[in-house]
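What follows is the content of query08.txt, which has compact mmCIF, C-alpha atoms and all ligand atoms:
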# COMPACT_ATOMS: atom_id res chain seq x y z
CA MET S 518 39.88 -24.57 -22.63
CA LYS S 519 41.86 -27.80 -22.55
CA LYS S 520 44.89 -28.10 -24.76
CA ASP S 521 45.60 -30.95 -27.20
CA ILE S 522 48.49 -32.78 -25.56
CA THR S 523 49.77 -34.12 -28.90
CA THR S 524 50.92 -30.60 -29.78
CA LEU S 525 53.42 -30.71 -26.89
CA SER S 526 57.02 -31.81 -27.28
CA LYS S 527 58.59 -34.40 -25.03
CA ASP S 528 60.31 -31.64 -23.04
CA GLU S 529 57.08 -29.73 -22.60
CA ILE S 530 55.37 -32.80 -21.19
CA LYS S 531 58.31 -33.28 -18.85
CA ASP S 532 58.03 -29.66 -17.71
CA PHE S 533 54.37 -30.19 -17.00
CA CYS S 534 55.21 -33.23 -14.90
CA ASP S 535 57.87 -31.29 -12.96
CA LYS S 536 55.47 -28.45 -12.21
CA ASN S 537 52.71 -30.77 -11.11
CA GLY S 538 54.63 -33.11 -8.85
CA ILE S 539 54.51 -36.03 -11.26
CA ARG S 540 57.67 -38.12 -11.42
CA SER S 541 59.58 -37.44 -14.59
CA TYR S 542 59.65 -41.02 -15.95
CA VAL S 543 55.88 -40.71 -16.30
CA SER S 544 56.39 -38.13 -19.03
CA SER S 545 58.14 -40.78 -21.16
CA GLN S 546 55.32 -43.19 -20.54
CA VAL S 547 52.68 -40.65 -21.54
CA TYR S 548 54.70 -39.69 -24.60
CA SER S 549 54.99 -43.28 -25.65
CA TRP S 550 51.24 -43.78 -25.28
CA LEU S 551 50.60 -40.78 -27.48
CA TRP S 552 52.97 -41.70 -30.30
CA ASN S 553 54.08 -45.33 -30.16
CA LYS S 554 50.62 -46.52 -29.29
CA SER S 555 48.50 -43.67 -30.71
CA CYS S 556 46.16 -43.93 -27.77
CA THR S 557 42.91 -41.99 -27.83
CA SER S 558 42.27 -41.38 -24.13
CA PHE S 559 44.16 -41.01 -20.87
CA SER S 560 42.24 -43.96 -19.44
CA GLU S 561 44.16 -46.26 -21.80
CA MET S 562 47.45 -45.32 -20.15
CA SER S 563 47.43 -48.36 -17.92
CA ASN S 564 50.94 -47.96 -16.51
CA VAL S 565 50.23 -44.38 -15.39
CA SER S 566 48.58 -44.03 -11.98
CA ILE S 567 44.96 -42.91 -11.88
CA LYS S 568 46.01 -39.89 -9.84
CA ASP S 569 48.58 -38.77 -12.42
CA ARG S 570 46.16 -39.41 -15.27
CA SER S 571 43.60 -37.17 -13.64
CA ILE S 572 46.14 -34.34 -13.35
CA PHE S 573 46.77 -34.62 -17.07
CA GLU S 574 43.07 -34.87 -17.83
CA LYS S 575 42.31 -31.62 -16.06
CA GLU S 576 44.65 -29.74 -18.36
CA PHE S 577 44.66 -31.69 -21.60
CA LEU S 578 42.70 -33.70 -24.10
CA ILE S 579 43.85 -35.99 -26.89
CA ASN S 580 42.50 -34.93 -30.25
CA ASN S 581 41.89 -37.94 -32.41
CA ILE S 582 40.84 -38.62 -35.99
CA GLN S 583 37.88 -40.87 -36.64
CA ASP S 584 37.11 -42.94 -39.70
CA ASP S 585 33.81 -41.58 -40.88
CA TYR S 586 33.31 -43.25 -44.22
CA GLU S 587 35.21 -45.84 -46.22
CA GLU S 588 35.12 -47.08 -49.79
CA ILE S 589 37.03 -49.82 -51.61
CA SER S 590 37.71 -49.38 -55.31
CA SER S 591 37.49 -52.25 -57.79
CA ASP S 592 41.29 -52.05 -58.04
CA GLY S 593 41.70 -52.55 -54.28
CA THR S 594 42.35 -48.93 -53.33
CA VAL S 595 40.79 -48.05 -49.98
CA LYS S 596 39.72 -44.46 -49.34
CA THR S 597 38.98 -43.30 -45.82
CA LYS S 598 37.31 -40.07 -44.91
CA PHE S 599 38.50 -38.96 -41.49
CA LYS S 600 36.48 -36.76 -39.21
CA LEU S 601 38.61 -34.38 -37.16
CA HIS S 602 37.80 -33.25 -33.63
CA ASP S 603 36.37 -29.95 -34.88
CA GLY S 604 34.08 -31.53 -37.45
CA ASN S 605 36.34 -30.96 -40.46
CA PHE S 606 37.16 -33.79 -42.83
CA VAL S 607 40.25 -34.98 -44.68
CA GLU S 608 40.90 -38.05 -46.76
CA GLY S 609 43.59 -40.70 -46.78
CA VAL S 610 44.06 -43.53 -49.24
CA LEU S 611 45.66 -46.99 -49.13
CA ILE S 612 47.00 -47.99 -52.53
CA PRO S 613 47.99 -51.65 -52.91
CA LYS S 614 50.27 -52.76 -55.72
CA ASP S 615 51.61 -56.29 -55.42
CA LYS S 616 53.46 -56.21 -52.09
CA ARG S 617 53.85 -52.47 -52.12
CA MET S 618 51.34 -50.81 -49.80
CA THR S 619 51.26 -47.04 -50.07
CA ALA S 620 49.49 -44.60 -47.79
CA CYS S 621 48.54 -41.33 -49.43
CA ILE S 622 47.86 -38.79 -46.71
CA SER S 623 46.59 -35.24 -46.32
CA SER S 624 48.46 -32.35 -44.73
CA GLN S 625 45.79 -29.63 -44.73
CA VAL S 626 42.00 -29.32 -44.71
CA GLY S 627 41.61 -28.13 -48.30
CA CYS S 628 44.34 -26.15 -50.04
CA SER S 629 44.94 -22.48 -50.65
CA LEU S 630 46.72 -22.80 -53.98
CA SER S 631 43.81 -23.30 -56.41
CA CYS S 632 45.57 -25.22 -59.18
CA SER S 633 42.99 -25.09 -61.91
CA PHE S 634 42.80 -28.87 -62.51
CA CYS S 635 42.66 -30.08 -58.90
CA ALA S 636 39.58 -30.96 -56.86
CA THR S 637 41.18 -30.04 -53.53
CA GLY S 638 42.05 -26.65 -54.93
CA THR S 639 38.37 -25.78 -55.28
CA LEU S 640 37.86 -26.09 -51.53
CA GLY S 641 40.13 -23.30 -50.37
CA LEU S 642 42.07 -23.72 -47.15
CA THR S 643 40.24 -24.29 -43.89
CA ARG S 644 43.21 -25.07 -41.66
CA ASN S 645 46.49 -26.91 -41.26
CA LEU S 646 46.49 -30.39 -39.79
CA THR S 647 48.42 -30.98 -36.59
CA ALA S 648 51.38 -33.37 -36.65
CA SER S 649 49.27 -35.90 -34.82
CA GLU S 650 46.39 -35.64 -37.29
CA ILE S 651 48.83 -36.32 -40.12
CA TYR S 652 50.63 -39.10 -38.26
CA ARG S 653 47.43 -40.81 -37.18
CA GLN S 654 46.28 -41.13 -40.78
CA VAL S 655 49.41 -43.19 -41.38
CA VAL S 656 48.81 -45.29 -38.28
CA TYR S 657 45.20 -45.90 -39.32
CA ILE S 658 46.07 -46.80 -42.91
CA SER S 659 48.91 -49.02 -41.73
CA ARG S 660 46.46 -51.00 -39.59
CA LYS S 661 44.03 -51.10 -42.51
CA SER S 662 46.75 -52.56 -44.70
CA MET S 663 47.27 -55.43 -42.26
CA GLU S 664 43.56 -55.92 -41.80
CA VAL S 665 42.59 -55.98 -45.49
CA TYR S 666 45.75 -57.30 -47.17
CA ASN S 667 47.73 -58.80 -44.32
CA LEU S 668 50.70 -56.78 -45.54
CA PRO S 669 52.57 -54.01 -43.76
CA LEU S 670 52.62 -50.48 -45.06
CA THR S 671 55.72 -49.91 -47.18
CA ASN S 672 55.42 -46.33 -48.46
CA ILE S 673 53.98 -42.99 -47.47
CA VAL S 674 53.25 -40.17 -49.87
CA TYR S 675 52.16 -36.65 -48.92
CA MET S 676 49.93 -36.44 -51.96
CA GLY S 677 46.49 -36.16 -50.44
CA MET S 678 44.78 -32.88 -49.66
CA GLY S 679 46.88 -29.79 -49.09
CA GLU S 680 50.31 -28.35 -49.77
CA PRO S 681 52.71 -29.96 -47.27
CA LEU S 682 55.32 -27.21 -47.47
CA LEU S 683 52.74 -24.64 -46.36
CA ASN S 684 52.29 -26.61 -43.14
CA TYR S 685 55.99 -27.08 -42.71
CA LYS S 686 56.43 -27.45 -38.97
CA ASN S 687 53.67 -29.99 -38.48
CA VAL S 688 54.59 -31.96 -41.59
CA LEU S 689 58.19 -32.21 -40.40
CA ARG S 690 57.06 -33.31 -37.00
CA SER S 691 54.82 -35.97 -38.53
CA ILE S 692 57.78 -37.22 -40.60
CA HIS S 693 59.78 -37.43 -37.40
CA TYR S 694 57.21 -39.75 -35.82
CA ILE S 695 56.82 -41.84 -38.95
CA THR S 696 60.56 -42.40 -39.15
CA SER S 697 61.68 -42.58 -35.53
CA GLU S 698 61.47 -45.14 -32.78
CA GLU S 699 59.09 -42.85 -30.96
CA GLY S 700 56.57 -43.72 -33.63
CA LEU S 701 56.51 -46.11 -36.57
CA ASN S 702 60.26 -46.40 -37.12
CA MET S 703 60.03 -46.53 -40.91
CA SER S 704 62.89 -45.54 -43.19
CA TYR S 705 63.09 -42.02 -44.64
CA LYS S 706 63.46 -43.69 -48.01
CA ARG S 707 59.83 -44.76 -47.77
CA VAL S 708 58.50 -41.24 -47.47
CA THR S 709 57.75 -38.95 -50.42
CA LEU S 710 56.72 -35.36 -50.10
CA SER S 711 54.98 -33.79 -53.08
CA THR S 712 54.99 -30.05 -53.52
CA SER S 713 53.59 -27.59 -55.99
CA GLY S 714 56.95 -25.80 -55.83
CA ILE S 715 57.57 -23.26 -53.08
CA SER S 716 61.24 -22.59 -53.60
CA LYS S 717 61.93 -20.95 -50.25
CA MET S 718 60.54 -23.97 -48.44
CA ILE S 719 62.39 -26.46 -50.64
CA ARG S 720 65.60 -24.72 -49.56
CA ARG S 721 64.54 -24.92 -45.96
CA LEU S 722 63.88 -28.64 -46.36
CA ALA S 723 67.40 -29.04 -47.71
CA GLU S 724 68.88 -27.03 -44.85
CA ASP S 725 66.98 -29.03 -42.28
CA ASN S 726 68.47 -32.08 -43.98
CA VAL S 727 65.17 -33.89 -44.24
CA LYS S 728 66.12 -36.78 -46.48
CA VAL S 729 62.71 -37.72 -47.78
CA ASN S 730 62.04 -38.19 -51.47
CA LEU S 731 60.93 -34.99 -53.07
CA ALA S 732 58.38 -34.83 -55.88
CA LEU S 733 57.82 -31.58 -57.69
CA SER S 734 54.43 -31.06 -59.32
CA LEU S 735 55.60 -29.40 -62.49
CA HIS S 736 52.75 -29.92 -64.98
CA ALA S 737 54.08 -27.22 -67.31
CA ALA S 738 57.63 -26.32 -68.24
CA SER S 739 56.88 -22.99 -69.82
CA GLU S 740 56.47 -20.02 -67.52
CA GLU S 741 53.29 -18.69 -69.03
CA LEU S 742 51.38 -21.95 -69.08
CA ARG S 743 52.45 -22.87 -65.58
CA LYS S 744 51.25 -19.56 -64.17
CA GLU S 745 47.96 -20.13 -65.89
CA ILE S 746 47.24 -23.58 -64.47
CA MET S 747 49.14 -23.21 -61.18
CA PRO S 748 48.78 -19.72 -59.65
CA ILE S 749 51.65 -20.47 -57.22
CA GLY S 750 53.88 -20.24 -60.30
CA LYS S 751 53.40 -16.47 -60.27
CA SER S 752 55.49 -16.07 -57.14
CA ASN S 753 57.79 -19.04 -57.76
CA THR S 754 59.28 -18.92 -61.23
CA LEU S 755 60.53 -22.05 -62.94
CA GLU S 756 64.06 -20.79 -62.57
CA GLU S 757 63.70 -20.23 -58.84
CA ILE S 758 62.23 -23.67 -58.43
CA ARG S 759 65.02 -25.27 -60.42
CA ASP S 760 67.65 -23.49 -58.33
CA SER S 761 66.02 -24.65 -55.12
CA LEU S 762 65.89 -28.23 -56.40
CA LYS S 763 69.56 -28.10 -57.33
CA TYR S 764 70.25 -26.90 -53.82
CA TYR S 765 68.14 -29.72 -52.39
CA PHE S 766 70.09 -32.23 -54.45
CA SER S 767 73.45 -30.75 -53.45
CA LYS S 768 72.53 -31.09 -49.78
CA THR S 769 70.74 -34.43 -49.75
CA ARG S 770 72.05 -36.21 -52.88
CA LYS S 771 68.50 -37.32 -53.52
CA LYS S 772 67.12 -37.49 -57.03
CA VAL S 773 64.10 -35.30 -57.57
CA THR S 774 60.95 -36.66 -59.20
CA TYR S 775 58.98 -34.39 -61.49
CA GLU S 776 55.28 -35.02 -61.76
CA TYR S 777 53.53 -34.04 -64.94
CA VAL S 778 49.78 -34.53 -65.36
CA LEU S 779 48.85 -34.71 -69.03
CA LEU S 780 45.93 -32.40 -69.76
CA ARG S 781 44.35 -32.72 -73.19
CA ASP S 782 45.40 -29.97 -75.58
CA VAL S 783 46.78 -27.93 -72.70
CA ASN S 784 50.25 -29.30 -71.93
CA ASP S 785 50.49 -32.48 -74.02
CA SER S 786 52.07 -31.41 -77.33
CA VAL S 787 55.51 -32.45 -78.54
CA GLU S 788 56.62 -28.87 -77.94
CA ASP S 789 55.52 -29.24 -74.31
CA ALA S 790 57.52 -32.46 -74.12
CA HIS S 791 60.53 -30.59 -75.44
CA ASN S 792 60.13 -27.88 -72.80
CA LEU S 793 59.88 -30.58 -70.15
CA TYR S 794 63.06 -32.22 -71.39
CA ASN S 795 64.83 -28.87 -71.42
CA TYR S 796 63.74 -28.05 -67.92
CA THR S 797 64.55 -31.36 -66.30
CA LYS S 798 67.85 -32.17 -68.03
CA HIS S 799 69.85 -30.00 -65.61
CA LEU S 800 69.37 -32.25 -62.65
CA SER S 801 69.54 -35.97 -62.02
CA SER S 802 65.85 -36.76 -61.96
CA LYS S 803 62.90 -38.96 -62.82
CA VAL S 804 59.79 -37.85 -64.62
CA ASN S 805 56.41 -39.33 -63.81
CA ILE S 806 53.78 -38.71 -66.41
CA ILE S 807 50.44 -38.91 -64.66
CA GLU S 808 47.12 -39.72 -66.23
CA TYR S 809 44.66 -36.95 -65.42
CA ASN S 810 41.61 -37.77 -63.33
CA PRO S 811 38.85 -35.54 -64.59
CA VAL S 812 37.17 -33.40 -61.96
CA GLU S 813 33.62 -32.33 -62.66
CA GLY S 814 33.23 -28.70 -63.51
CA LEU S 815 36.90 -27.85 -63.97
CA GLY S 816 36.89 -28.23 -67.75
CA PHE S 817 39.98 -30.42 -68.20
CA GLU S 818 40.23 -33.80 -69.86
CA LYS S 819 42.90 -36.42 -69.90
CA SER S 820 45.20 -36.49 -72.90
CA SER S 821 44.39 -38.80 -75.81
CA PHE S 822 46.12 -42.13 -76.15
CA GLU S 823 47.98 -40.97 -79.27
CA LYS S 824 49.26 -37.74 -77.81
CA THR S 825 50.29 -39.45 -74.59
CA GLU S 826 52.27 -41.98 -76.59
CA LYS S 827 53.96 -39.30 -78.69
CA PHE S 828 54.77 -37.25 -75.61
CA ILE S 829 56.40 -40.15 -73.82
CA ASN S 830 58.24 -41.37 -76.89
CA TYR S 831 59.76 -37.95 -77.37
CA LEU S 832 61.10 -38.00 -73.82
CA LEU S 833 62.39 -41.55 -74.19
CA LYS S 834 64.24 -40.59 -77.35
CA LYS S 835 65.87 -37.76 -75.41
CA GLY S 836 67.02 -40.21 -72.78
CA VAL S 837 64.72 -38.94 -70.02
CA ASN S 838 64.05 -41.37 -67.17
CA VAL S 839 60.29 -41.33 -67.65
CA SER S 840 57.40 -43.54 -66.59
CA LEU S 841 53.66 -43.41 -66.98
CA ARG S 842 51.49 -43.56 -63.87
CA ARG S 843 47.99 -44.76 -64.39
CA SER S 844 45.75 -43.55 -61.69
CA ARG S 845 44.20 -45.73 -59.04
CA GLY S 846 40.89 -45.70 -57.23
CA LYS S 847 39.20 -43.60 -59.90
CA ASP S 848 35.77 -45.17 -59.45
CA ILE S 849 35.64 -43.92 -55.86
CA ASN S 850 37.25 -40.49 -56.43
CA ALA S 851 40.30 -41.60 -54.50
CA ALA S 852 42.81 -40.77 -57.18
CA CYS S 853 45.28 -37.89 -57.04
CA GLY S 854 43.55 -34.56 -57.16
CA GLN S 855 40.10 -36.05 -56.70
CA LEU S 856 40.06 -35.72 -52.95
CA ALA S 857 37.36 -33.24 -52.11
CA ASN S 858 35.28 -34.88 -49.40
CA LYS S 859 32.33 -35.90 -51.50
CA ASN S 860 30.47 -39.12 -51.06
N1 LIG N 901 49.83 -30.06 -53.00
C1 LIG N 901 50.83 -31.00 -53.32
C2 LIG N 901 50.47 -32.43 -52.93
C3 LIG N 901 49.06 -32.89 -53.17
S1 LIG N 901 48.53 -33.04 -54.83
C4 LIG N 901 51.18 -30.92 -54.80
O1 LIG N 901 50.48 -30.23 -55.53
O2 LIG N 901 52.17 -31.53 -55.19
C5 LIG N 901 49.32 -34.54 -55.36
C6 LIG N 901 49.53 -34.62 -56.88
O3 LIG N 901 48.30 -34.82 -57.58
C7 LIG N 901 50.15 -33.37 -57.47
O4 LIG N 901 51.15 -33.68 -58.39
C8 LIG N 901 48.96 -32.76 -58.17
O5 LIG N 901 49.34 -31.86 -59.14
C9 LIG N 901 48.27 -33.97 -58.71
N2 LIG N 901 46.90 -33.75 -59.14
C10 LIG N 901 46.05 -32.78 -58.75
N3 LIG N 901 44.85 -32.92 -59.34
C11 LIG N 901 44.96 -34.03 -60.13
C12 LIG N 901 44.04 -34.70 -61.00
N4 LIG N 901 42.79 -34.30 -61.11
N5 LIG N 901 44.49 -35.79 -61.66
C13 LIG N 901 45.75 -36.24 -61.49
N6 LIG N 901 46.64 -35.67 -60.67
C14 LIG N 901 46.25 -34.56 -60.01
FE1 LIG N 902 46.83 -27.72 -53.71
FE2 LIG N 902 48.40 -29.63 -54.79
FE3 LIG N 902 45.80 -29.40 -55.51
FE4 LIG N 902 47.54 -27.54 -56.27
S1 LIG N 902 47.56 -29.71 -56.87
S2 LIG N 902 45.49 -27.17 -55.42
S3 LIG N 902 48.88 -27.45 -54.52
S4 LIG N 902 46.58 -29.94 -53.50

As structure tokens, what does this structure read like?
Ligand code: SAH
Ligand code: SF4
Amino acid sequence: MKKDITTLSKDEIKDFCDKNGIRSYVSSQVYSWLWNKSCTSFSEMSNVSIKDRSIFEKEFLINNIQDDYEEISSDGTVKTKFKLHDGNFVEGVLIPKDKRMTACISSQVGCSLSCSFCATGTLGLTRNLTASEIYRQVVYISRKSMEVYNLPLTNIVYMGMGEPLLNYKNVLRSIHYITSEEGLNMSYKRVTLSTSGISKMIRRLAEDNVKVNLALSLHAASEELRKEIMPIGKSNTLEEIRDSLKYYFSKTRKKVTYEYVLLRDVNDSVEDAHNLYNYTKHLSSKVNIIEYNPVEGLGFEKSSFEKTEKFINYLLKKGVNVSLRRSRGKDINAACGQLANKN
């Protein structure tokens, strides 16, 4: 069976060239076609000789992602369903806000963590995405942004389907291509990784000195409640997570963002707000309160206007750096936690 060449490193491509009598500068050309230009076939590699291309073609293929279905929300959000080479699907979203153009991308087909409020969680995990499948979502959405809004992509968030820290190697590699000259050459500051809180992997991120913005999906600041709505909390206690975030901050000096989805009568009382304040006060941080996007069949509702207001006012009084995020693309199920491949 042929191998997907995008899974090879630059050195591995060079080795292949050496072993097959191809001059070594060709490996740089091929590499550049794969990443800088995101090409989809060897025949596009116009500066590579036909003979050399055919040697590559015998051994390798280039797995691509294809836009299968697209919807535009009344608020301008564009959701794309991508078909992968093996027939699986993931979704990516372009979220416009004034001049800020954000790509929300997926890191896995489905997710293994089954948070009780999340649509992706109901799918289970099918497989990890490759670095190229993650990166090519960004490339696609970046082109879409120019095409629809005539504005370049400014931000990338790993907040689509999947838990990025459970596909660590490929996610890191995709960040490399997004932020280096080999790919899109965007600043690290533009990239945000959202995690449900796997402390061991947060530490690893700090050690690898990956200076992206880190968002922690907290959603409950009491141990019992968090375990109930986020099963991953059973093996990653709040204390362990907090320690790992402190470590991340000590290494990267980057403020952590806590995400907190307000679920009606579940985590939206003033006592919950107090717990949240208590938990987050130990670290220089921001808190994003997120409006819940109801998912059919899961039994959660968004918090009432009054409770939301009380919750936020409590945090403001305590001096917490808090903001409310209204969700986008709701009418097309493109909002956070609504990505579940239905159309
Ligand atoms: N797995 C990662 C990243 C993807 S989820 C994580 O959990 O952080 C991106 C964000 O959307 C997370 O904060 C998640 O908790 C939140 N989310 C999930 N379902 C949601 C829903 N129905 N409404 C609003 N936010 C939701
Ligand atoms: Fe997975 Fe994140 Fe959804 Fe939880 S919230 S099920 S971790 S995608």

Spatial neighbours of Pro669 (chain S), 10 Å, only C-alpha atoms, chain gap at least 4 places, as an MDAnalysis selection string: chainID S and resid 616:619 658:664

Selection from above, C-alpha atoms, as an mmCIF file, in the frame of the given file, can you write it?
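What ended up in part-v9.cif:
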data_model
loop_
_atom_site.group_PDB
_atom_site.id
_atom_site.type_symbol
_atom_site.label_atom_id
_atom_site.label_comp_id
_atom_site.auth_asym_id
_atom_site.auth_seq_id
_atom_site.Cartn_x
_atom_site.Cartn_y
_atom_site.Cartn_z
ATOM 1 C CA LYS S 616 53.460 -56.210 -52.090
ATOM 2 C CA ARG S 617 53.850 -52.470 -52.120
ATOM 3 C CA MET S 618 51.340 -50.810 -49.800
ATOM 4 C CA THR S 619 51.260 -47.040 -50.070
ATOM 5 C CA ILE S 658 46.070 -46.800 -42.910
ATOM 6 C CA SER S 659 48.910 -49.020 -41.730
ATOM 7 C CA ARG S 660 46.460 -51.000 -39.590
ATOM 8 C CA LYS S 661 44.030 -51.100 -42.510
ATOM 9 C CA SER S 662 46.750 -52.560 -44.700
ATOM 10 C CA MET S 663 47.270 -55.430 -42.260
ATOM 11 C CA GLU S 664 43.560 -55.920 -41.800
#

One-decimal distance in Å that lies between CA of Tyr775 (chain S) and CA of Leu755 (chain S):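 Spanning CA of Leu755 (chain S) to CA of Tyr775 (chain S) is a straight-line distance of 12.5 Å.
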
Spatial neighbours of His799 (chain S), 12 Å, only C-alpha atoms, chain gap at least 4 places, as number ranges by chain: S: 756, 759-760, 762-763, 766, 772-773, 793-795, 803, 837

Distance in Å - CA of Pro811 (chain S) versus atom O1 of ligand LIG 901 (chain N): 15.7 Å

Near-ligand residues for ligand LIG 901 (chain N), threshold 8 Å, only C-alpha atoms and all ligand atoms, as a VMD selection string: chain S and resid 623 628 630 632 634 to 637 675 to 681 710 to 714 732 to 736 776 to 778 807 to 812 844 852 to 855

Proximity to Asn702 (chain S) - best of S:Asn667, S:Ser739, S:Asn753, S:Asn553, only C-alpha atoms: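 Under the stated criterion, the closest residue is S:Asn553.
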
Find the axis-aligned box for region 795-802 of chain S, covering all its listed atoms and adding 3 Å on each side, and write its centre and edge lengths in Å to one decimal as AutoDock Vina command-line options.
--center_x 66.8 --center_y -32.4 --center_z -66.7 --size_x 12.1 --size_y 14.7 --size_z 15.5

Long-range neighbours of Ser566 (chain S) as a ChimeraX atom specification, 12 Å cut-off, only C-alpha atoms, 4 positions minimum in chain: /S:539-540,543,546-547,559-562,570-573

Restricting it to C-alpha atoms, dump the selection as a short mmCIF file (atom, residue, chain, number, x, y, z; two decimals), in the frame of the given file.
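In the end it all went to selection-v3.cif:
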data_model
loop_
_atom_site.label_atom_id
_atom_site.label_comp_id
_atom_site.auth_asym_id
_atom_site.auth_seq_id
_atom_site.Cartn_x
_atom_site.Cartn_y
_atom_site.Cartn_z
CA ILE S 539 54.51 -36.03 -11.26
CA ARG S 540 57.67 -38.12 -11.42
CA VAL S 543 55.88 -40.71 -16.30
CA GLN S 546 55.32 -43.19 -20.54
CA VAL S 547 52.68 -40.65 -21.54
CA PHE S 559 44.16 -41.01 -20.87
CA SER S 560 42.24 -43.96 -19.44
CA GLU S 561 44.16 -46.26 -21.80
CA MET S 562 47.45 -45.32 -20.15
CA ARG S 570 46.16 -39.41 -15.27
CA SER S 571 43.60 -37.17 -13.64
CA ILE S 572 46.14 -34.34 -13.35
CA PHE S 573 46.77 -34.62 -17.07
#

Å distance separating CA of Tyr666 (chain S) from CA of Ile612 (chain S), one decimal place: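 According to the coordinates, CA of Tyr666 (chain S) and CA of Ile612 (chain S) are separated by 10.8 Å.
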
Proximity to Asp521 (chain S) - best of S:Glu650, S:Asp725, S:Glu587, S:Asp569, all atoms listed in the file: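 For Asp521 (chain S), the nearest of the candidates is S:Glu650.
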
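Comparing the minimum interatomic distances between ligand LIG 902 (chain N) and each of S:Ile530, S:Ile806, S:Ala857, S:Val665, counting only C-alpha atoms and all ligand atoms, we find that S:Ala857 sits nearest.
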
Who sits within 7 Å of Ile673 (chain S), only C-alpha atoms, same chain under 3 positions skipped, as a PyMOL selection string: chain S and resi 619-621+707-709

Nearest-residue call for Asn564 (chain S), choices S:Leu722, S:Gly836, S:Asp848, S:Ser544, using all atoms listed in the file: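 Under the stated criterion, the closest residue is S:Ser544.
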
Residue with smallest distance to ligand LIG 902 (chain N) - pool S:Leu578, S:Ile622, S:Ile692, S:Val804, counting all atoms listed in the file: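 The answer is S:Ile622, which sits nearest to ligand LIG 902 (chain N).
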
Shortest interatomic distance to ligand LIG 902 (chain N) - which of S:Val626, S:Val729, S:Met703, S:Val688, counting all atoms listed in the file: S:Val626
